[in-house]
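Pasting work.txt here (compact mmCIF, C-alpha atoms):
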# COMPACT_ATOMS: atom_id res chain seq x y z
CA MET A 1 -129.02 81.60 -23.58
CA VAL A 2 -126.86 80.48 -26.53
CA PRO A 3 -123.15 80.01 -25.67
CA VAL A 4 -120.67 82.33 -27.40
CA PRO A 5 -118.71 80.39 -30.04
CA THR A 6 -114.94 80.48 -30.32
CA ILE A 7 -113.52 81.31 -33.74
CA ARG A 8 -110.28 79.70 -34.90
CA PRO A 9 -108.50 78.77 -38.13
CA ALA A 10 -109.84 75.52 -39.59
CA GLY A 11 -107.71 72.49 -40.29
CA PRO A 12 -108.04 69.15 -42.09
CA ALA A 13 -109.70 67.51 -39.10
CA ASP A 14 -112.62 69.95 -39.47
CA ALA A 15 -113.69 68.59 -42.88
CA PRO A 16 -116.37 66.19 -41.53
CA ALA A 17 -117.94 68.86 -39.31
CA ILE A 18 -117.89 71.51 -42.05
CA HIS A 19 -119.45 69.02 -44.45
CA ALA A 20 -122.18 68.19 -41.93
CA LEU A 21 -122.98 71.88 -41.49
CA LEU A 22 -123.12 72.37 -45.26
CA ALA A 23 -125.38 69.34 -45.64
CA ALA A 24 -127.76 70.79 -43.06
CA LEU A 25 -127.84 74.30 -44.52
CA THR A 26 -127.52 74.01 -48.30
CA PRO A 27 -131.20 73.05 -48.80
CA GLN A 28 -132.04 76.57 -47.58
CA VAL A 29 -130.18 78.23 -50.47
CA ILE A 30 -130.95 75.83 -53.32
CA GLU A 31 -133.90 76.98 -55.39
CA ARG A 32 -133.82 74.33 -58.13
CA PRO A 33 -132.52 71.02 -56.77
CA GLU A 34 -132.60 69.43 -60.23
CA GLU A 35 -129.89 71.91 -61.35
CA ALA A 36 -127.80 71.95 -58.17
CA ALA A 37 -125.36 69.08 -58.79
CA PRO A 38 -122.37 71.36 -59.60
CA PHE A 39 -122.93 73.39 -56.41
CA LEU A 40 -123.55 70.30 -54.29
CA GLY A 41 -120.28 68.89 -55.63
CA THR A 42 -118.48 71.73 -53.83
CA CYS A 43 -120.13 70.70 -50.56
CA THR A 44 -119.04 67.06 -50.31
CA GLN A 45 -116.67 66.04 -47.53
CA GLU A 46 -114.02 65.33 -50.16
CA ALA A 47 -114.40 68.81 -51.71
CA VAL A 48 -114.24 70.44 -48.28
CA ALA A 49 -111.10 68.45 -47.42
CA ALA A 50 -109.51 69.45 -50.73
CA ARG A 51 -110.19 73.16 -50.05
CA LEU A 52 -108.81 72.86 -46.54
CA ALA A 53 -105.57 71.53 -48.08
CA ASP A 54 -105.49 74.10 -50.91
CA PRO A 55 -103.25 77.12 -50.13
CA ALA A 56 -105.55 79.32 -52.26
CA PHE A 57 -108.19 79.03 -49.49
CA THR A 58 -108.26 80.15 -45.87
CA HIS A 59 -110.91 78.84 -43.49
CA HIS A 60 -112.14 79.70 -40.02
CA VAL A 61 -114.65 77.79 -37.93
CA ALA A 62 -116.81 78.82 -35.02
CA GLU A 63 -117.28 76.15 -32.39
CA VAL A 64 -119.05 75.56 -29.11
CA SER A 65 -117.92 72.66 -26.93
CA GLY A 66 -116.10 71.12 -29.90
CA GLU A 67 -119.12 71.39 -32.25
CA VAL A 68 -118.68 73.46 -35.44
CA VAL A 69 -121.58 75.94 -35.62
CA GLY A 70 -120.26 78.13 -38.42
CA PHE A 71 -117.48 78.49 -40.94
CA VAL A 72 -116.09 80.87 -43.50
CA ALA A 73 -113.84 80.22 -46.52
CA VAL A 74 -111.98 82.86 -48.54
CA ARG A 75 -110.44 82.07 -51.92
CA ASP A 76 -107.36 83.84 -53.25
CA GLY A 77 -107.35 86.24 -50.31
CA SER A 78 -110.24 88.32 -51.61
CA HIS A 79 -113.30 86.24 -52.60
CA LEU A 80 -115.68 85.19 -49.84
CA TYR A 81 -116.34 81.65 -51.04
CA HIS A 82 -118.58 80.25 -48.27
CA LEU A 83 -120.05 81.61 -45.05
CA PHE A 84 -122.50 79.38 -43.22
CA VAL A 85 -123.92 79.62 -39.69
CA ALA A 86 -126.00 76.93 -37.96
CA ASP A 87 -129.68 77.78 -37.59
CA ALA A 88 -129.42 78.14 -33.80
CA TYR A 89 -126.80 80.89 -34.23
CA GLN A 90 -128.33 82.82 -37.13
CA GLY A 91 -129.13 86.38 -36.09
CA SER A 92 -126.67 86.20 -33.18
CA GLY A 93 -123.88 88.16 -34.86
CA LEU A 94 -121.81 85.05 -35.48
CA GLY A 95 -121.81 85.54 -39.26
CA ALA A 96 -120.38 89.04 -38.80
CA ARG A 97 -117.74 87.70 -36.40
CA LEU A 98 -116.73 84.98 -38.85
CA TRP A 99 -116.56 87.49 -41.70
CA ASP A 100 -114.47 89.84 -39.56
CA ALA A 101 -112.00 87.03 -38.76
CA ALA A 102 -111.71 86.10 -42.43
CA ARG A 103 -111.43 89.71 -43.61
CA THR A 104 -108.77 90.52 -41.04
CA ALA A 105 -106.76 87.40 -41.91
CA ALA A 106 -106.94 88.18 -45.64
CA GLY A 107 -106.22 91.89 -45.33
CA ALA A 108 -107.22 92.58 -48.94
CA PRO A 109 -108.34 96.07 -50.00
CA ARG A 110 -111.29 94.65 -51.97
CA PHE A 111 -113.51 91.59 -51.52
CA THR A 112 -116.16 89.92 -53.65
CA VAL A 113 -118.96 87.50 -52.83
CA ASN A 114 -121.77 85.78 -54.70
CA ALA A 115 -124.53 86.33 -52.14
CA THR A 116 -127.55 84.07 -52.16
CA ARG A 117 -130.73 86.09 -52.25
CA ASN A 118 -131.48 85.48 -48.58
CA ALA A 119 -127.99 86.75 -47.61
CA VAL A 120 -127.90 90.02 -49.59
CA GLY A 121 -129.07 92.07 -46.58
CA PHE A 122 -126.39 90.54 -44.36
CA TYR A 123 -123.66 91.40 -46.85
CA GLN A 124 -124.99 94.93 -47.31
CA ARG A 125 -124.73 95.40 -43.53
CA GLN A 126 -121.10 94.26 -43.80
CA GLY A 127 -120.41 96.99 -46.38
CA PHE A 128 -120.83 95.04 -49.63
CA SER A 129 -122.66 96.59 -52.59
CA PRO A 130 -124.35 94.83 -55.51
CA GLU A 131 -122.17 94.53 -58.59
CA GLY A 132 -124.13 93.52 -61.66
CA PRO A 133 -127.42 91.69 -62.10
CA LEU A 134 -128.77 88.70 -60.19
CA VAL A 135 -127.32 85.44 -61.56
CA ARG A 136 -129.16 82.12 -61.73
CA GLN A 137 -126.79 79.18 -61.96
CA HIS A 138 -126.44 75.62 -60.60
CA GLY A 139 -129.83 75.72 -58.88
CA LEU A 140 -129.06 78.95 -57.01
CA SER A 141 -129.78 82.63 -57.44
CA PHE A 142 -127.03 84.92 -56.29
CA GLN A 143 -126.14 88.56 -56.33
CA PRO A 144 -122.52 89.38 -57.17
CA MET A 145 -121.33 91.92 -54.60
CA ALA A 146 -118.12 93.74 -53.78
CA LEU A 147 -116.64 95.56 -50.84
CA ASP A 148 -113.93 98.18 -51.17
CA ALA A 149 -112.36 98.18 -47.70
CA ALA A 150 -110.55 101.47 -48.34
CA ALA A 151 -113.84 103.21 -49.12
CA SER A 152 -115.74 101.69 -46.15
CA PRO A 153 -115.30 103.86 -43.03
CA ASN A 154 -116.39 101.08 -40.64
CA LEU A 155 -113.68 98.62 -41.71
Show this structure as structure tokens.
Amino acid sequence: MVPVPTIRPAGPADAPAIHALLAALTPQVIERPEEAAPFLGTCTQEAVAARLADPAFTHHVAEVSGEVVGFVAVRDGSHLYHLFVADAYQGSGLGARLWDAARTAAGAPRFTVNATRNAVGFYQRQGFSPEGPLVRQHGLSFQPMALDAAASPNL
């Protein structure tokens, strides 16, 4: 049985663990590694630390016994910037719990996300709808999506 993670706001000391999780998971979303340098630049430990210090971003981490097993970042209170869950916790509901923590903390009436193709179903289950065509950029393919919290009865 997988232990239930605790979710808490992230701080500067979490940068190395968040970076390690990103390093482990980003290969799963990159389709064209030769074009991914701009995206990978957002995943370095330095970039993570800079976002953790930037008041435009809020972060939450999920941890088990001091190990970060998931994290979420929201930019400008309404754009879901990153949401990553360790392989061992995928399908456990942890992504939904992290999103709920971030959404509640932000309190915005509308949210956007650029969902990687393998995450579109997850975001649809959270109430997001596609907004525009699939975009291919920086080695990734993503679907712009939006959620209108006022129009979503489950939120």
(message) Show me, as an MDAnalysis selection string, the residues that have an atom within 6 Å of stretch 68-72 of chain A when counting all atoms listed in the file, minus same-chain residues fewer than 2 positions from it.
(response) chainID A and resid 59:63 82:86
(request) Find the residues near A:Ala13: any atom within 10 Å, counting all atoms listed in the file, skip ones fewer than 5 places away on the same chain, and give them as a list in words. (result)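 So the residues in contact are Ile18, Ala49 and Leu52 of chain A.
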Could you save the residues just selected, with C-alpha atoms, as a PDB file, in the coordinates of the input?
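The file below, selection_26.pdb, is the result:
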ATOM      1  CA  ILE A  18    -117.890  71.510 -42.050  1.00  0.00           C
ATOM      2  CA  ALA A  49    -111.100  68.450 -47.420  1.00  0.00           C
ATOM      3  CA  LEU A  52    -108.810  72.860 -46.540  1.00  0.00           C
TER       4      LEU A  52
END
(message) Quick check, in Å to one decimal: how far apart do atom CA of A:His138 and atom CA of A:Glu35 lie?
(response)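 Atom-to-atom, atom CA of A:His138 to atom CA of A:Glu35, that is 5.1 Å.
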(message) Between atom CA of A:Arg75 and atom CA of A:His19, what is the distance in Å, rounded to a tenth?
(response)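 So the answer is 17.5 Å.
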(request) Tell me, as a list in words, which residues lie within 7 Å of stretch 64-66 of chain A, counting all atoms listed in the file; anything in the same chain fewer than 5 positions away does not count. (result)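 The neighbour list is Pro3, Pro5 and Thr6 of chain A.
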Nearby residues (all atoms listed in the file) at most 10 Å from A:Asp100, same-chain spacing under 4 positions excluded, as a PDB file with C-alpha atoms, in the coordinates of the input:
ATOM      1  CA  VAL A  72    -116.090  80.870 -43.500  1.00  0.00           C
ATOM      2  CA  LEU A  94    -121.810  85.050 -35.480  1.00  0.00           C
ATOM      3  CA  GLY A  95    -121.810  85.540 -39.260  1.00  0.00           C
ATOM      4  CA  ALA A  96    -120.380  89.040 -38.800  1.00  0.00           C
ATOM      5  CA  THR A 104    -108.770  90.520 -41.040  1.00  0.00           C
ATOM      6  CA  ALA A 105    -106.760  87.400 -41.910  1.00  0.00           C
ATOM      7  CA  ALA A 106    -106.940  88.180 -45.640  1.00  0.00           C
ATOM      8  CA  GLN A 126    -121.100  94.260 -43.800  1.00  0.00           C
ATOM      9  CA  LEU A 155    -113.680  98.620 -41.710  1.00  0.00           C
TER      10      LEU A 155
END
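Among the candidates A:Cys43, A:Ala10, A:Val2, A:Val29, the one nearest to A:Ala102 when counting all atoms listed in the file is A:Ala10.
The space separating atom CA of A:Thr116 from atom CA of A:Leu22 comes to 14.3 Å.
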(request) Quick one: everything within 12 Å of A:Ala50, counting all atoms listed in the file, minus sequence neighbours fewer than 4 positions away in the same chain. Send it as a count of residues only. (result) 19
Calculate, to one decimal in Å, the centre and edge lengths of the box along x, y and z of the file that holds all listed atoms of stretch 80-96 of chain A with 3 Å of margin on each side, and present them as AutoDock Vina command-line options.
--center_x -122.7 --center_y 83.0 --center_z -42.1 --size_x 20.0 --size_y 18.1 --size_z 23.9
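Closest approach to A:Pro133 among A:Asn114, A:Asp148, A:Gly107, A:Leu80 is made by A:Asn114 (distances from all atoms listed in the file).
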Please, could N, CA and C atoms be added to stretch 73-90 of chain A and the result written as an mmCIF file, keeping the file's coordinate frame?
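To be explicit, this is the file written out as rebuild06.cif:
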data_model
loop_
_atom_site.group_PDB
_atom_site.id
_atom_site.type_symbol
_atom_site.label_atom_id
_atom_site.label_comp_id
_atom_site.auth_asym_id
_atom_site.auth_seq_id
_atom_site.Cartn_x
_atom_site.Cartn_y
_atom_site.Cartn_z
ATOM 1 N N ALA A 73 -114.956 80.556 -45.628
ATOM 2 C CA ALA A 73 -113.840 80.220 -46.520
ATOM 3 C C ALA A 73 -113.615 81.401 -47.455
ATOM 4 N N VAL A 74 -112.356 81.790 -47.614
ATOM 5 C CA VAL A 74 -111.980 82.860 -48.540
ATOM 6 C C VAL A 74 -111.016 82.269 -49.557
ATOM 7 N N ARG A 75 -111.287 82.558 -50.835
ATOM 8 C CA ARG A 75 -110.440 82.070 -51.920
ATOM 9 C C ARG A 75 -109.571 83.215 -52.434
ATOM 10 N N ASP A 76 -108.310 82.898 -52.673
ATOM 11 C CA ASP A 76 -107.360 83.840 -53.250
ATOM 12 C C ASP A 76 -107.252 85.145 -52.463
ATOM 13 N N GLY A 77 -107.525 85.090 -51.190
ATOM 14 C CA GLY A 77 -107.350 86.240 -50.310
ATOM 15 C C GLY A 77 -108.347 87.363 -50.483
ATOM 16 N N SER A 78 -109.323 87.199 -51.400
ATOM 17 C CA SER A 78 -110.240 88.320 -51.610
ATOM 18 C C SER A 78 -111.662 87.928 -52.034
ATOM 19 N N HIS A 79 -111.946 86.651 -52.230
ATOM 20 C CA HIS A 79 -113.300 86.240 -52.600
ATOM 21 C C HIS A 79 -113.904 85.403 -51.473
ATOM 22 N N LEU A 80 -114.971 85.919 -50.892
ATOM 23 C CA LEU A 80 -115.680 85.190 -49.840
ATOM 24 C C LEU A 80 -116.416 84.035 -50.488
ATOM 25 N N TYR A 81 -115.877 82.847 -50.332
ATOM 26 C CA TYR A 81 -116.340 81.650 -51.040
ATOM 27 C C TYR A 81 -117.553 81.021 -50.362
ATOM 28 N N HIS A 82 -117.478 80.817 -49.055
ATOM 29 C CA HIS A 82 -118.580 80.250 -48.270
ATOM 30 C C HIS A 82 -118.620 80.932 -46.915
ATOM 31 N N LEU A 83 -119.823 81.158 -46.427
ATOM 32 C CA LEU A 83 -120.050 81.610 -45.050
ATOM 33 C C LEU A 83 -121.377 81.005 -44.627
ATOM 34 N N PHE A 84 -121.312 80.074 -43.687
ATOM 35 C CA PHE A 84 -122.500 79.380 -43.220
ATOM 36 C C PHE A 84 -122.522 79.390 -41.699
ATOM 37 N N VAL A 85 -123.717 79.589 -41.138
ATOM 38 C CA VAL A 85 -123.920 79.620 -39.690
ATOM 39 C C VAL A 85 -125.101 78.708 -39.364
ATOM 40 N N ALA A 86 -124.931 77.847 -38.378
ATOM 41 C CA ALA A 86 -126.000 76.930 -37.960
ATOM 42 C C ALA A 86 -127.256 77.717 -37.591
ATOM 43 N N ASP A 87 -128.404 77.109 -37.851
ATOM 44 C CA ASP A 87 -129.680 77.780 -37.590
ATOM 45 C C ASP A 87 -129.766 78.375 -36.192
ATOM 46 N N ALA A 88 -129.313 77.661 -35.176
ATOM 47 C CA ALA A 88 -129.420 78.140 -33.800
ATOM 48 C C ALA A 88 -128.624 79.412 -33.552
ATOM 49 N N TYR A 89 -127.660 79.726 -34.417
ATOM 50 C CA TYR A 89 -126.800 80.890 -34.230
ATOM 51 C C TYR A 89 -127.079 81.998 -35.250
ATOM 52 N N GLN A 90 -128.007 81.767 -36.167
ATOM 53 C CA GLN A 90 -128.330 82.820 -37.130
ATOM 54 C C GLN A 90 -129.007 83.971 -36.398
#
